[in-house]
file run10.csv (CSV, C-alpha atoms)
chain,number,residue,atom,x,y,z
O,297,MET,CA,62.5,89.5,110.2
O,298,ASP,CA,62.6,86.0,111.5
O,299,ALA,CA,62.1,85.0,115.1
O,300,ARG,CA,62.0,81.4,116.1
O,301,ARG,CA,62.7,78.9,119.0
O,302,ALA,CA,64.0,75.5,118.3
O,303,ARG,CA,66.5,72.9,119.4
O,304,PRO,CA,68.9,73.4,122.4
O,305,LEU,CA,72.2,75.3,122.0
O,306,LEU,CA,74.8,73.4,119.9
O,307,GLY,CA,72.3,70.7,118.9
O,308,ALA,CA,71.3,67.4,120.3
O,309,GLU,CA,74.9,66.4,121.1
O,310,GLY,CA,75.8,69.6,122.9
O,311,PRO,CA,74.9,70.7,126.5
O,312,ALA,CA,71.4,71.2,127.5
O,313,ALA,CA,70.0,74.6,126.8
O,314,VAL,CA,70.7,77.1,129.6
O,315,ARG,CA,69.3,80.6,129.3
O,316,VAL,CA,71.3,83.7,129.7
O,317,ASN,CA,70.6,85.7,132.8
O,318,GLY,CA,68.3,88.7,132.0
O,319,GLN,CA,66.5,89.5,128.8
O,320,TRP,CA,68.7,88.8,125.8
O,321,VAL,CA,68.0,89.2,122.1
O,322,ALA,CA,70.1,87.5,119.4
O,323,ILE,CA,70.6,89.4,116.1
O,324,VAL,CA,71.8,87.2,113.3
O,325,ASN,CA,73.3,88.6,110.1
O,326,PRO,CA,72.9,85.7,107.6
O,327,ALA,CA,75.1,87.5,105.0
O,328,ALA,CA,78.1,88.0,107.3
O,329,GLY,CA,81.4,86.7,106.0
O,330,GLY,CA,80.3,86.7,102.4
O,331,ARG,CA,77.8,84.0,102.9
O,332,ARG,CA,74.6,83.8,101.0
O,333,PRO,CA,71.6,85.3,102.8
O,334,ALA,CA,69.1,82.8,104.2
O,335,GLY,CA,71.6,79.9,103.8
O,336,PRO,CA,71.7,76.8,105.9
O,337,ALA,CA,74.3,78.2,108.2
O,338,ALA,CA,72.0,81.1,109.1
O,339,SER,CA,69.1,78.7,109.8
O,340,ARG,CA,71.4,76.8,112.2
O,341,TRP,CA,72.3,79.9,114.1
O,342,VAL,CA,68.6,80.8,114.5
O,343,ASP,CA,67.8,77.4,115.8
O,344,ASP,CA,70.8,77.1,118.1
O,345,LEU,CA,70.4,80.5,119.7
O,346,ALA,CA,66.7,80.0,120.4
O,347,GLY,CA,67.7,77.8,123.4
O,348,ILE,CA,69.4,80.7,125.3
O,349,ALA,CA,68.0,84.0,124.1
O,350,ASP,CA,64.5,85.4,124.7
O,351,ALA,CA,64.2,86.3,121.0
O,352,VAL,CA,66.2,85.5,117.8
O,353,VAL,CA,65.9,87.9,114.8
O,354,THR,CA,67.7,88.0,111.5
O,355,THR,CA,68.8,91.1,109.5
O,356,GLU,CA,67.5,91.7,106.0
O,357,ASP,CA,70.0,94.3,104.8
O,358,ARG,CA,72.7,96.7,105.9
O,359,GLY,CA,71.6,98.9,108.7
O,360,HIS,CA,68.7,96.7,109.7
O,361,ALA,CA,70.4,95.7,112.9
O,362,THR,CA,70.2,99.3,114.1
O,363,HIS,CA,66.4,99.2,113.8
O,364,LEU,CA,66.2,95.8,115.4
O,365,THR,CA,68.3,97.0,118.4
O,366,SER,CA,66.1,100.0,119.0
O,367,THR,CA,63.0,97.8,118.7
O,368,PHE,CA,64.1,95.7,121.8
O,369,GLU,CA,64.9,98.7,124.0
O,370,GLY,CA,63.9,96.7,127.1
O,371,ALA,CA,66.5,94.0,126.6
O,372,ASP,CA,69.5,93.6,128.9
O,373,GLY,CA,71.8,92.5,126.2
O,374,PHE,CA,72.3,91.5,122.6
O,375,ILE,CA,74.0,88.4,121.1
O,376,VAL,CA,75.4,89.8,117.8
O,377,VAL,CA,76.0,87.1,115.2
O,378,GLY,CA,78.0,88.7,112.4
O,379,GLY,CA,81.1,90.7,111.7
O,380,ASP,CA,82.4,94.2,112.5
O,381,GLY,CA,79.7,95.8,110.3
O,382,THR,CA,76.8,94.1,112.2
O,383,LEU,CA,78.3,95.1,115.5
O,384,PHE,CA,78.6,98.7,114.2
O,385,ASP,CA,74.9,98.8,113.3
O,386,VAL,CA,73.9,97.5,116.8
O,387,LEU,CA,76.1,100.1,118.6
O,388,GLN,CA,74.3,103.0,116.9
O,389,SER,CA,71.1,102.4,118.8
O,390,LEU,CA,72.4,100.4,121.9
O,391,CYS,CA,71.6,101.8,125.3
O,392,ARG,CA,75.2,101.5,126.4
O,393,ASN,CA,74.5,102.5,130.1
O,394,ARG,CA,72.4,99.4,130.7
O,395,GLN,CA,72.8,97.0,127.7
O,396,GLU,CA,75.7,94.7,127.0
O,397,VAL,CA,76.8,92.7,124.0
O,398,LEU,CA,78.2,89.3,123.2
O,399,ILE,CA,79.8,88.9,119.8
O,400,VAL,CA,79.5,85.6,117.9
O,401,PRO,CA,82.1,86.2,115.1
O,402,THR,CA,81.0,85.0,111.7
O,403,GLY,CA,82.3,88.0,109.6
O,404,ARG,CA,85.4,88.5,107.6
O,405,GLY,CA,87.4,90.6,110.0
O,406,ASN,CA,85.9,90.3,113.5
O,407,SER,CA,88.4,92.9,115.0
O,408,LEU,CA,86.9,93.4,118.4
O,409,ALA,CA,86.1,89.7,118.8
O,410,ARG,CA,89.7,88.9,118.2
O,411,ASP,CA,90.8,91.4,120.8
O,412,LEU,CA,88.4,89.9,123.3
O,413,ASP,CA,89.8,86.4,122.6
O,414,ILE,CA,86.5,85.2,121.1
O,415,ARG,CA,88.1,83.0,118.5
O,416,SER,CA,85.1,81.0,117.3
O,417,PRO,CA,81.3,81.0,117.4
O,418,GLU,CA,81.4,78.0,119.7
O,419,ALA,CA,83.5,79.9,122.2
O,420,ALA,CA,81.1,82.8,122.1
O,421,LEU,CA,78.1,80.7,122.7
O,422,THR,CA,79.8,79.1,125.7
O,423,ALA,CA,80.5,82.7,127.0
O,424,ALA,CA,76.7,83.4,126.8
O,425,VAL,CA,76.0,81.1,129.7
O,426,SER,CA,79.4,80.8,131.6
O,427,GLY,CA,81.4,83.9,130.7
O,428,ARG,CA,82.1,87.2,132.4
O,429,SER,CA,81.7,90.8,131.5
O,430,VAL,CA,84.4,93.4,130.7
O,431,THR,CA,84.1,97.1,130.0
O,432,ILE,CA,85.9,98.7,127.0
O,433,ASP,CA,86.3,102.0,125.3
O,434,LEU,CA,84.6,103.1,122.2
O,435,LEU,CA,85.3,105.9,119.6
O,436,ALA,CA,82.9,108.8,119.2
O,437,VAL,CA,83.0,109.6,115.4
O,438,SER,CA,81.9,112.6,113.5
O,439,LEU,CA,82.1,112.7,109.7
O,440,THR,CA,81.5,115.9,107.6
O,441,PHE,CA,80.7,115.2,104.0
O,442,GLU,CA,81.4,117.2,100.8
O,443,ASP,CA,77.8,118.4,100.7
O,444,GLY,CA,78.0,119.7,104.3
O,445,GLN,CA,76.0,117.0,105.9
O,446,ARG,CA,77.2,115.5,109.1
O,447,TRP,CA,77.0,112.0,110.6
O,448,GLN,CA,77.7,111.2,114.2
O,449,GLY,CA,78.0,107.7,115.8
O,450,VAL,CA,80.3,105.3,117.6
O,451,SER,CA,82.9,102.8,116.5
O,452,ALA,CA,84.2,99.8,118.4
O,453,SER,CA,87.4,99.2,116.3
O,454,THR,CA,88.8,101.1,113.4
O,455,LEU,CA,88.5,104.2,111.2
O,456,ALA,CA,90.8,104.4,108.2
O,457,LEU,CA,91.2,106.4,105.0
O,458,GLY,CA,93.5,106.3,102.0
O,459,TYR,CA,95.3,103.0,101.3
O,460,PRO,CA,93.5,100.8,103.9
O,461,ALA,CA,90.1,102.1,102.8
O,462,GLY,CA,91.0,101.2,99.2
O,463,VAL,CA,92.0,97.7,100.3
O,464,ALA,CA,88.6,97.3,102.1
O,465,HIS,CA,86.7,98.5,99.1
O,466,LEU,CA,88.5,96.1,96.7
O,467,ALA,CA,88.2,93.2,99.2
O,468,THR,CA,84.5,93.6,99.7
O,469,SER,CA,83.6,94.4,96.1
O,470,ARG,CA,85.6,91.8,94.2
O,471,TRP,CA,86.9,89.2,96.7
O,472,ARG,CA,84.0,89.0,99.1
O,473,TRP,CA,83.4,85.4,98.2
O,474,SER,CA,86.8,84.4,99.7
O,475,GLY,CA,85.5,85.3,103.2
O,476,ARG,CA,88.1,86.3,105.8
O,477,HIS,CA,90.9,85.9,103.2
O,478,CYS,CA,89.6,88.8,101.1
O,479,TYR,CA,91.8,91.5,102.8
O,480,ALA,CA,95.0,89.5,102.4
O,481,ILE,CA,94.2,89.0,98.7
O,482,ALA,CA,93.3,92.6,98.0
O,483,ALA,CA,96.2,94.3,99.9
O,484,PRO,CA,98.9,93.8,97.3
O,485,LEU,CA,96.6,94.7,94.5
O,486,VAL,CA,96.1,98.3,95.7
O,487,ARG,CA,98.8,100.8,95.0
O,488,PRO,CA,99.2,103.5,97.7
O,489,SER,CA,98.8,107.1,96.5
O,490,ALA,CA,99.5,110.3,98.4
O,491,MET,CA,96.7,112.5,99.6
O,492,GLY,CA,96.9,115.9,101.4
O,493,MET,CA,95.4,116.2,104.9
O,494,GLN,CA,95.6,118.3,108.0
O,495,VAL,CA,95.8,116.4,111.3
O,496,SER,CA,95.6,117.6,114.9
O,497,TYR,CA,95.9,115.6,118.1
O,498,ASP,CA,94.3,116.4,121.5
O,499,GLY,CA,93.3,119.9,120.5
O,500,GLY,CA,96.7,120.9,119.3
O,501,PRO,CA,97.4,122.9,116.1
O,502,SER,CA,96.7,121.3,112.7
O,503,ALA,CA,99.7,120.4,110.5
O,504,TRP,CA,99.4,119.8,106.8
O,505,ARG,CA,101.0,116.6,105.5
O,506,SER,CA,101.0,114.3,102.5
O,507,ARG,CA,100.1,110.7,103.5
O,508,THR,CA,99.0,107.5,101.7
O,509,GLY,CA,96.6,106.8,104.5
O,510,LEU,CA,95.7,107.1,108.1
O,511,ILE,CA,94.4,104.6,110.6
O,512,ILE,CA,92.7,105.4,114.0
O,513,SER,CA,92.2,102.2,116.0
O,514,ASN,CA,90.6,101.3,119.3
O,515,THR,CA,91.6,97.6,118.9
O,516,ARG,CA,94.8,95.7,118.3
O,517,HIS,CA,93.3,94.1,115.2
O,518,ILE,CA,92.3,95.6,111.9
O,519,GLY,CA,90.2,92.8,110.6
O,520,PRO,CA,92.2,89.6,110.8
O,521,PHE,CA,95.5,91.5,111.2
O,522,GLU,CA,97.1,92.5,114.5
O,523,ALA,CA,98.3,95.9,113.3
O,524,PHE,CA,98.5,97.5,116.8
O,525,PRO,CA,99.9,94.8,119.1
O,526,GLU,CA,100.3,97.3,122.0
O,527,ALA,CA,96.8,98.7,121.9
O,528,VAL,CA,94.6,98.3,125.0
O,529,LEU,CA,90.8,98.3,124.9
O,530,ASN,CA,90.3,100.2,128.1
O,531,ASP,CA,93.1,102.7,128.5
O,532,GLY,CA,91.1,105.8,127.4
O,533,LEU,CA,93.4,106.2,124.3
O,534,CYS,CA,93.3,105.2,120.6
O,535,ASP,CA,96.2,104.3,118.4
O,536,VAL,CA,96.9,106.3,115.3
O,537,MET,CA,99.2,105.4,112.3
O,538,GLU,CA,100.0,107.8,109.5
O,539,LEU,CA,101.0,105.9,106.4
O,540,GLN,CA,103.4,107.3,103.9
O,541,ALA,CA,105.0,104.2,102.3
O,542,GLY,CA,105.1,103.2,98.6
O,543,TRP,CA,103.9,99.9,97.2
O,544,CYS,CA,107.0,97.8,98.1
O,545,VAL,CA,107.4,99.1,101.7
O,546,GLN,CA,103.7,99.0,102.4
O,547,ASN,CA,103.5,95.3,101.4
O,548,LEU,CA,106.5,94.5,103.4
O,549,HIS,CA,104.7,96.0,106.4
O,550,ASN,CA,101.6,94.0,105.5
O,551,LEU,CA,103.6,90.8,105.4
O,552,SER,CA,105.2,91.6,108.8
O,553,VAL,CA,101.7,92.2,110.3
O,554,LEU,CA,100.3,89.0,108.7
O,555,THR,CA,103.1,86.9,110.0
O,556,GLY,CA,103.1,88.5,113.5
O,557,TRP,CA,106.6,89.9,113.1
O,558,HIS,CA,106.1,93.5,114.3
O,559,ARG,CA,109.7,94.8,114.2
O,560,PHE,CA,109.2,96.3,110.7
O,561,ARG,CA,107.3,99.5,111.2
O,562,PRO,CA,107.6,102.1,108.4
O,563,ALA,CA,105.1,104.4,110.2
O,564,ALA,CA,105.2,105.5,113.9
O,565,VAL,CA,102.2,104.8,116.1
O,566,ARG,CA,100.9,107.7,118.2
O,567,ARG,CA,98.3,107.6,121.0
O,568,ALA,CA,95.7,110.3,121.6
O,569,HIS,CA,92.4,111.1,123.2
O,570,THR,CA,91.1,113.1,120.2
O,571,ILE,CA,92.0,113.5,116.6
O,572,GLY,CA,90.8,115.9,113.9
O,573,VAL,CA,91.5,115.3,110.1
O,574,ASP,CA,90.7,117.6,107.2
O,575,MET,CA,91.2,116.2,103.7
O,576,ASP,CA,92.2,118.3,100.7
O,577,VAL,CA,89.7,116.3,98.5
O,578,PRO,CA,86.8,114.1,99.5
O,579,ALA,CA,87.8,110.6,100.6
O,580,VAL,CA,86.4,107.2,101.3
O,581,VAL,CA,86.4,106.4,105.0
O,582,LYS,CA,86.3,102.8,106.3
O,583,LEU,CA,84.4,102.8,109.6
O,584,ASP,CA,84.5,99.3,111.2
O,585,GLY,CA,82.8,97.2,108.5
O,586,GLU,CA,81.3,100.2,106.6
O,587,LEU,CA,82.6,102.4,103.7
O,588,ARG,CA,81.5,106.1,103.7
O,589,PRO,CA,82.5,108.0,100.5
O,590,GLY,CA,82.7,111.8,100.1
O,591,VAL,CA,84.1,112.7,103.5
O,592,ARG,CA,86.0,116.0,104.0
O,593,ARG,CA,86.5,116.1,107.8
O,594,VAL,CA,86.9,113.4,110.5
O,595,GLU,CA,86.7,114.0,114.2
O,596,VAL,CA,87.3,111.1,116.7
O,597,SER,CA,87.4,111.1,120.5
O,598,VAL,CA,87.7,108.2,122.9
O,599,LEU,CA,84.7,107.3,125.1
O,600,PRO,CA,86.2,105.6,128.1
O,601,ALA,CA,84.5,102.6,129.6
O,602,ALA,CA,81.6,103.0,127.2
O,603,LEU,CA,80.6,99.4,126.4
O,604,GLU,CA,80.1,96.2,128.4
O,605,CYS,CA,81.0,93.0,126.6
O,606,ARG,CA,80.5,89.3,127.6
O,607,ILE,CA,83.6,87.2,127.0
O,608,PRO,CA,84.6,83.6,127.7
O,609,GLY,CA,85.5,82.9,131.3
O,610,GLY,CA,89.1,82.2,130.6
O,611,ALA,CA,89.7,85.0,128.2
O,612,HIS,CA,92.0,87.9,129.1
O,613,GLU,CA,90.8,91.5,129.2
call {"tool": "encode", "arguments": {"input": "run10.csv", "output": "structure tokens"}}
result
Amino acid sequence: MDARRARPLLGAEGPAAVRVNGQWVAIVNPAAGGRRPAGPAASRWVDDLAGIADAVVTTEDRGHATHLTSTFEGADGFIVVGGDGTLFDVLQSLCRNRQEVLIVPTGRGNSLARDLDIRSPEAALTAAVSGRSVTIDLLAVSLTFEDGQRWQGVSASTLALGYPAGVAHLATSRWRWSGRHCYAIAAPLVRPSAMGMQVSYDGGPSAWRSRTGLIISNTRHIGPFEAFPEAVLNDGLCDVMELQAGWCVQNLHNLSVLTGWHRFRPAAVRRAHTIGVDMDVPAVVKLDGELRPGVRRVEVSVLPAALECRIPGGAHE
């Protein structure tokens, strides 16, 4: 763990350092976005953030941000420098009733940051001292694994299985070096395959179906792609898409999303408060920036107004 104080925010040519109101801790993931750990970019973030935060710490491996967040239980907020996976780790031990977060997007996807109109690290750092706060929903998630063990936590953006989880696995295992372009590269290389599942919405009866994937999203964006353009962060609902397209149709859909032309939709979008999914065989689940193998059952429910986020002053909610 590295904690340092150094030059003012944005360097000597930037504005004078102004501290964030309250006790704030910056958590920096130096490996976010496929970068090399402990590289020069990470050192710059540690130095720049020292001017506005009460402490600056860096993560050492996956899951470390969860421990760091619990260590600073008296903080009023956390500046999270990383991607969706770093934010995911922070949320697992955040005291959401009294602590807020500011996202500095340096990851490959940055789903929630895009929804909050935080388009660059520089915009995020400006929001630290002159922004405003908004309240958004989260997803309460329960995963039951093949061996019977159960995991419970929260998600800020997306849970996916089947084809999108396969894309995420290929993108992060083989194309990680390409940074935020890794998903676009991996998507056409994965061939969708059908899987059996039973899905229930809002406590209704389960219905068996054959699908190539399923996406449950709290955000408009899935990584860099705006897959759910009508999603709202604070409406108490999540958006669900059941995929059943083959390779050609799926990639036409991917292209339409990539270009922002949303008229081509091979799968309908449904909104719900709660969703239950049982898989015929164990599956890999993508949960924000994490991949969890061997999952047999997924339960998701919306937590309304569960997280306070700092955003740039001119951003829309």
call {"tool": "residues_around", "arguments": {"input": "run10.csv", "residues": "Glu522 of chain O", "least_positions_apart": "6", "cutoff": "9 Å", "atoms": "all atoms listed in the file", "output": "JSON list (two decimals) with C-alpha atoms, in the coordinates of the input"}}
result
[["chain", "number", "residue", "atom", "x", "y", "z"],
["O", 407, "SER", "CA", 88.40, 92.90, 115.00],
["O", 411, "ASP", "CA", 90.80, 91.40, 120.80],
["O", 515, "THR", "CA", 91.60, 97.60, 118.90],
["O", 516, "ARG", "CA", 94.80, 95.70, 118.30],
["O", 553, "VAL", "CA", 101.70, 92.20, 110.30],
["O", 554, "LEU", "CA", 100.30, 89.00, 108.70],
["O", 556, "GLY", "CA", 103.10, 88.50, 113.50]]
call {"tool": "residues_around", "arguments": {"input": "run10.csv", "residues": "Tyr479 of chain O", "least_positions_apart": "4", "cutoff": "7 Å", "atoms": "all atoms listed in the file", "output": "ChimeraX atom specification"}}
result
/O:463-464,467,483
call {"tool": "residues_around", "arguments": {"input": "run10.csv", "residues": "segment 565-576 of chain O", "least_positions_apart": "6", "cutoff": "7 Å", "atoms": "all atoms listed in the file", "output": "compact mmCIF listing (two decimals) with C-alpha atoms, in the frame of the given file"}}
result
# COMPACT_ATOMS: atom_id res chain seq x y z
CA GLY O 492 96.90 115.90 101.40
CA MET O 493 95.40 116.20 104.90
CA GLN O 494 95.60 118.30 108.00
CA VAL O 495 95.80 116.40 111.30
CA SER O 496 95.60 117.60 114.90
CA TYR O 497 95.90 115.60 118.10
CA ASP O 498 94.30 116.40 121.50
CA GLY O 532 91.10 105.80 127.40
CA LEU O 533 93.40 106.20 124.30
CA CYS O 534 93.30 105.20 120.60
CA ASP O 535 96.20 104.30 118.40
CA VAL O 536 96.90 106.30 115.30
CA MET O 537 99.20 105.40 112.30
CA ARG O 592 86.00 116.00 104.00
CA ARG O 593 86.50 116.10 107.80
CA VAL O 594 86.90 113.40 110.50
CA GLU O 595 86.70 114.00 114.20
CA VAL O 596 87.30 111.10 116.70
CA SER O 597 87.40 111.10 120.50
CA VAL O 598 87.70 108.20 122.90
call {"tool": "residues_around", "arguments": {"input": "run10.csv", "residues": "Trp320 of chain O", "least_positions_apart": "3", "cutoff": "10 Å", "atoms": "all atoms listed in the file", "output": "number ranges by chain"}}
result
O: 315-317, 323, 348-352, 368, 370-375, 395-398, 424
call {"tool": "atom_distance", "arguments": {"input": "run10.csv", "atom1": "atom CA of Asp344 of chain O", "atom2": "atom CA of Ser474 of chain O"}}
result
25.5 Å
call {"tool": "atom_distance", "arguments": {"input": "run10.csv", "atom1": "atom CA of Gly427 of chain O", "atom2": "atom CA of His360 of chain O"}}
result
27.7 Å
call {"tool": "residues_around", "arguments": {"input": "run10.csv", "residues": "Lys582 of chain O", "least_positions_apart": "2", "cutoff": "6 Å", "atoms": "all atoms listed in the file", "output": "ChimeraX atom specification"}}
result
/O:455-456,461,586-587
call {"tool": "atom_distance", "arguments": {"input": "run10.csv", "atom1": "atom CA of Ala361 of chain O", "atom2": "atom CA of Arg392 of chain O"}}
result
15.5 Å
call {"tool": "axis_aligned_box", "arguments": {"input": "run10.csv", "around": "segment 367-383 of chain O", "padding_each_side": "4 Å", "output": "AutoDock Vina command-line options"}}
result
--center_x 72.7 --center_y 92.9 --center_z 119.6 --size_x 27.4 --size_y 19.6 --size_z 26.6
call {"tool": "closest_residue", "arguments": {"input": "run10.csv", "among": "O:Gly329, O:Thr440, O:Val591, O:Thr354", "to": "His477 of chain O", "atoms": "all atoms listed in the file"}}
result
O:Gly329
call {"tool": "closest_residue", "arguments": {"input": "run10.csv", "among": "O:Arg404, O:His549, O:Arg606, O:Arg394", "to": "Thr422 of chain O", "atoms": "all atoms listed in the file"}}
result
O:Arg606
call {"tool": "closest_residue", "arguments": {"input": "run10.csv", "among": "O:Leu529, O:Ala490, O:Ala503, O:Val425", "to": "Gly318 of chain O", "atoms": "all atoms listed in the file"}}
result
O:Val425
call {"tool": "closest_residue", "arguments": {"input": "run10.csv", "among": "O:Trp471, O:Asp413, O:Ala523, O:Ser389", "to": "Val430 of chain O", "atoms": "all atoms listed in the file"}}
result
O:Asp413
call {"tool": "closest_residue", "arguments": {"input": "run10.csv", "among": "O:Ile481, O:Leu551, O:Cys605, O:Ala564", "to": "Ala409 of chain O", "atoms": "only C-alpha atoms"}}
result
O:Cys605
call {"tool": "closest_atom_pairs", "arguments": {"input": "run10.csv", "of": "segment 491-605 of chain O", "to": "segment 377-388 of chain O", "cutoff": "9 Å", "atoms": "all atoms listed in the file", "output": "CSV"}}
result
residue,atom,partner,partner_atom,distance
O:Gly519,CA,O:Asp380,CA,8.1
O:Leu583,CA,O:Gly381,CA,8.5
O:Asp584,CA,O:Asp380,CA,5.7
O:Gly585,CA,O:Gly381,CA,3.8
O:Glu586,CA,O:Gly381,CA,6.0
call {"tool": "decode", "arguments": {"input": "run10.csv", "residues": "segment 342-367 of chain O", "atoms": "N, CA and C atoms", "output": "mmCIF file, in the first residue's frame"}}
result
data_model
loop_
_atom_site.group_PDB
_atom_site.id
_atom_site.type_symbol
_atom_site.label_atom_id
_atom_site.label_comp_id
_atom_site.auth_asym_id
_atom_site.auth_seq_id
_atom_site.Cartn_x
_atom_site.Cartn_y
_atom_site.Cartn_z
ATOM 1 N N VAL O 342 -1.129 9.272 -8.038
ATOM 2 C CA VAL O 342 -0.873 9.369 -6.603
ATOM 3 C C VAL O 342 -0.442 10.781 -6.245
ATOM 4 N N ASP O 343 0.426 11.346 -7.038
ATOM 5 C CA ASP O 343 0.917 12.697 -6.769
ATOM 6 C C ASP O 343 -0.189 13.739 -6.921
ATOM 7 N N ASP O 344 -0.942 13.669 -8.015
ATOM 8 C CA ASP O 344 -1.974 14.668 -8.279
ATOM 9 C C ASP O 344 -3.083 14.647 -7.230
ATOM 10 N N LEU O 345 -3.479 13.468 -6.816
ATOM 11 C CA LEU O 345 -4.595 13.354 -5.870
ATOM 12 C C LEU O 345 -4.219 13.771 -4.463
ATOM 13 N N ALA O 346 -2.933 13.779 -4.172
ATOM 14 C CA ALA O 346 -2.495 14.127 -2.822
ATOM 15 C C ALA O 346 -2.876 15.547 -2.448
ATOM 16 N N GLY O 347 -3.124 16.408 -3.437
ATOM 17 C CA GLY O 347 -3.478 17.777 -3.136
ATOM 18 C C GLY O 347 -4.908 17.969 -2.692
ATOM 19 N N ILE O 348 -5.806 16.997 -2.955
ATOM 20 C CA ILE O 348 -7.220 17.187 -2.628
ATOM 21 C C ILE O 348 -7.774 16.138 -1.678
ATOM 22 N N ALA O 349 -7.113 15.010 -1.522
ATOM 23 C CA ALA O 349 -7.616 13.944 -0.656
ATOM 24 C C ALA O 349 -6.822 13.884 0.642
ATOM 25 N N ASP O 350 -7.432 13.347 1.673
ATOM 26 C CA ASP O 350 -6.757 13.212 2.961
ATOM 27 C C ASP O 350 -5.761 12.064 2.966
ATOM 28 N N ALA O 351 -5.985 11.082 2.092
ATOM 29 C CA ALA O 351 -5.049 9.967 1.949
ATOM 30 C C ALA O 351 -5.159 9.429 0.536
ATOM 31 N N VAL O 352 -4.052 8.942 0.005
ATOM 32 C CA VAL O 352 -4.014 8.319 -1.315
ATOM 33 C C VAL O 352 -3.372 6.946 -1.160
ATOM 34 N N VAL O 353 -4.089 5.913 -1.575
ATOM 35 C CA VAL O 353 -3.574 4.546 -1.453
ATOM 36 C C VAL O 353 -3.699 3.851 -2.804
ATOM 37 N N THR O 354 -2.849 2.880 -3.065
ATOM 38 C CA THR O 354 -2.897 2.131 -4.314
ATOM 39 C C THR O 354 -3.180 0.657 -4.034
ATOM 40 N N THR O 355 -3.917 0.034 -4.938
ATOM 41 C CA THR O 355 -4.240 -1.378 -4.788
ATOM 42 C C THR O 355 -3.079 -2.239 -5.265
ATOM 43 N N GLU O 356 -2.984 -3.421 -4.686
ATOM 44 C CA GLU O 356 -1.896 -4.335 -5.024
ATOM 45 C C GLU O 356 -2.369 -5.507 -5.875
ATOM 46 N N ASP O 357 -3.641 -5.873 -5.767
ATOM 47 C CA ASP O 357 -4.173 -6.957 -6.565
ATOM 48 C C ASP O 357 -5.692 -6.874 -6.541
ATOM 49 N N ARG O 358 -6.341 -7.773 -7.262
ATOM 50 C CA ARG O 358 -7.798 -7.783 -7.346
ATOM 51 C C ARG O 358 -8.400 -8.044 -5.966
ATOM 52 N N GLY O 359 -9.403 -7.256 -5.619
ATOM 53 C CA GLY O 359 -10.061 -7.385 -4.332
ATOM 54 C C GLY O 359 -9.462 -6.539 -3.233
ATOM 55 N N HIS O 360 -8.260 -5.993 -3.466
ATOM 56 C CA HIS O 360 -7.593 -5.210 -2.435
ATOM 57 C C HIS O 360 -8.365 -3.934 -2.103
ATOM 58 N N ALA O 361 -9.069 -3.370 -3.092
ATOM 59 C CA ALA O 361 -9.828 -2.143 -2.845
ATOM 60 C C ALA O 361 -10.936 -2.356 -1.819
ATOM 61 N N THR O 362 -11.474 -3.566 -1.745
ATOM 62 C CA THR O 362 -12.486 -3.866 -0.729
ATOM 63 C C THR O 362 -11.892 -3.733 0.662
ATOM 64 N N HIS O 363 -10.698 -4.260 0.855
ATOM 65 C CA HIS O 363 -10.017 -4.152 2.148
ATOM 66 C C HIS O 363 -9.666 -2.705 2.466
ATOM 67 N N LEU O 364 -9.167 -1.974 1.480
ATOM 68 C CA LEU O 364 -8.780 -0.584 1.716
ATOM 69 C C LEU O 364 -9.988 0.260 2.116
ATOM 70 N N THR O 365 -11.129 0.026 1.474
ATOM 71 C CA THR O 365 -12.334 0.789 1.798
ATOM 72 C C THR O 365 -12.774 0.543 3.233
ATOM 73 N N SER O 366 -12.739 -0.699 3.656
ATOM 74 C CA SER O 366 -13.130 -1.008 5.034
ATOM 75 C C SER O 366 -12.138 -0.446 6.042
ATOM 76 N N THR O 367 -10.875 -0.285 5.649
ATOM 77 C CA THR O 367 -9.858 0.275 6.547
ATOM 78 C C THR O 367 -10.163 1.727 6.893
#
